[in-house]
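Here is the structure we will look at, set down as structure tokens.
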Amino acid sequence: MTHYLQIDEARLRDDPLILFVPGSEKSDLQVELLRETAPYDWHCVDLGMWDNPHRNTWVNKLNLAIHQAERPVILVAQGFGCLVAAWWAEFEQPRFGNPVIGALLLAPPDVERPGTDDRLAKFGACPKSPLPCPSFLVAHHRDANGYLRSARTLARRWDCRFILADDPGGAGRSGAEFARRLLDQLVREHRIGIRAERPVVVYPPRPSLPEASYAQALLTARFGQQA
């Protein structure tokens, strides 16, 4: 049975729509910088209820935005938006790579220490299923070790490639340019998969390096230059 969100295989060849899933009401600058830096079509999902989020309402709003796109979608989620993306995947169980062909998760909240933000209780236990698409999870390398453990745990649960960056939330131009490079990689992987008629996820071998060095090694391997 075809899932109602699944789009026709021919439409998968279309250029993707980037859906930005914000983590707070202060996301306008992030969206504008990302739009300026990454030459894709963008749409920001209006979640609302920032002080008192309702998980299922947020997930339904994201689901509607994905459905209305009627073409391939890449999710760019920031902060609490990462949890919305994960819960969407948990509830909808879409086919791998259709309609969401990639996900870029920026600075997810610290789910290992719920007391750090009362809004975390609104989301319940964190989903543990892999995301149904190639994905990156980007954390701030200057954050406390406890947060980095939490971010790495989420990356393992959701089968994301884990990256450390100076500005994972995209609030500055350097962060937006970094996000653009990762977006470009997700688009390339999708096009390789289309040509091969199957999803292709490129995972470089993880060297015995600290996380920051591994991130640099990955980017150098991907883009042929230093980050």
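In the structure tokens, chains take letters A, B, ... by order of appearance, with residues numbered from 1 within each chain and ligands from 1 in the order shown.
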
Excluding A:Thr116 and any residue of its chain fewer than 5 positions from it, enumerate the residues within 12 Å of it, using only C-alpha atoms, and give them as a ChimeraX atom specification. /A:109-111,121,146-147

List every residue of stretch 96-128 of chain A that has an atom at most 9 Å from any atom of stretch 11-23 of chain A, and for each one report the closest atom pair and its distance in Å to one decimal, counting only C-alpha atoms, with rows sorted by chain and then by increasing residue number, as a Markdown table.
| residue | atom | partner | partner_atom | distance |
| --- | --- | --- | --- | --- |
| A:Gly97 | CA | A:Leu12 | CA | 9.0 |
| A:Asn98 | CA | A:Leu12 | CA | 7.6 |
| A:Pro99 | CA | A:Leu12 | CA | 7.7 |
| A:Val100 | CA | A:Pro16 | CA | 9.0 |
| A:Ile101 | CA | A:Pro16 | CA | 8.2 |
| A:Pro108 | CA | A:Gly23 | CA | 8.7 |

Looking only at strand (DSSP E) from DSSP on the backbone, list the matching residues of stretch 6-125 of chain A as a PyMOL selection string. chain A and resi 17-21+41-44+73-78+100-106

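If you measure from each of A:Ala107, A:Ile192, A:Ile163, A:Leu120 to A:Trp50 using only C-alpha atoms, the closest one turns out to be A:Leu120.
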
At a cut-off of 8 Å, using only C-alpha atoms, what residues contact A:His190? Leave out same-chain residues fewer than 2 positions from it and give the result as a ChimeraX atom specification. /A:101-102,186-188,192-194,199-200

Could you take the residues named above and write them with N, CA and C atoms, as a compact mmCIF listing (two decimals), in the first residue's frame?
# COMPACT_ATOMS: atom_id res chain seq x y z
N ILE A 101 14.24 13.54 1.57
CA ILE A 101 15.45 12.94 1.02
C ILE A 101 16.68 13.22 1.88
N GLY A 102 16.54 14.07 2.91
CA GLY A 102 17.68 14.38 3.76
C GLY A 102 17.25 15.23 4.94
N LEU A 186 23.89 16.55 0.94
CA LEU A 186 22.65 15.76 0.94
C LEU A 186 22.02 15.73 -0.45
N VAL A 187 22.05 16.86 -1.15
CA VAL A 187 21.50 16.90 -2.51
C VAL A 187 22.31 16.01 -3.44
N ARG A 188 23.64 16.05 -3.32
CA ARG A 188 24.49 15.20 -4.16
C ARG A 188 24.19 13.72 -3.91
N ILE A 192 22.87 10.96 -6.65
CA ILE A 192 23.58 9.69 -6.89
C ILE A 192 22.61 8.53 -6.73
N GLY A 193 21.77 8.60 -5.69
CA GLY A 193 20.79 7.54 -5.46
C GLY A 193 19.80 7.42 -6.59
N ILE A 194 19.35 8.56 -7.13
CA ILE A 194 18.42 8.54 -8.26
C ILE A 194 19.06 7.87 -9.47
N PRO A 199 18.44 4.26 -2.84
CA PRO A 199 19.04 5.24 -1.92
C PRO A 199 20.51 4.93 -1.68
N VAL A 200 21.33 5.94 -1.70
CA VAL A 200 22.76 5.79 -1.43
C VAL A 200 23.13 6.72 -0.29

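Atom CA of A:Ser24 lies 14.2 Å from atom CA of A:Leu105.
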
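Of the listed residues A:Glu177, A:Asp41, A:Glu90, A:Asp51, the one whose atoms come nearest to A:Asn63 is A:Glu90, with distances taken using only C-alpha atoms.
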
Determine which residues of stretch 33-193 of chain A DSSP labels as alpha helix (DSSP H) from the backbone of this structure, then write them out as a ChimeraX atom specification. /A:33-37,55-69,80-92,145-158,173-193

Atom CA of A:Leu104 to atom CA of A:Arg149, straight-line distance in Å: 18.7 Å

Compile the contact shell of A:Trp87 as number ranges by chain: residues with an atom at most 9 Å away, counting only C-alpha atoms, same-chain residues fewer than 6 positions apart removed. A: 55-56, 59, 123, 126-127

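Among the candidates A:Leu75, A:Val84, A:Leu148, A:Ala165, the residue lying nearest to A:Pro53 is A:Val84 (atoms considered: only C-alpha atoms).
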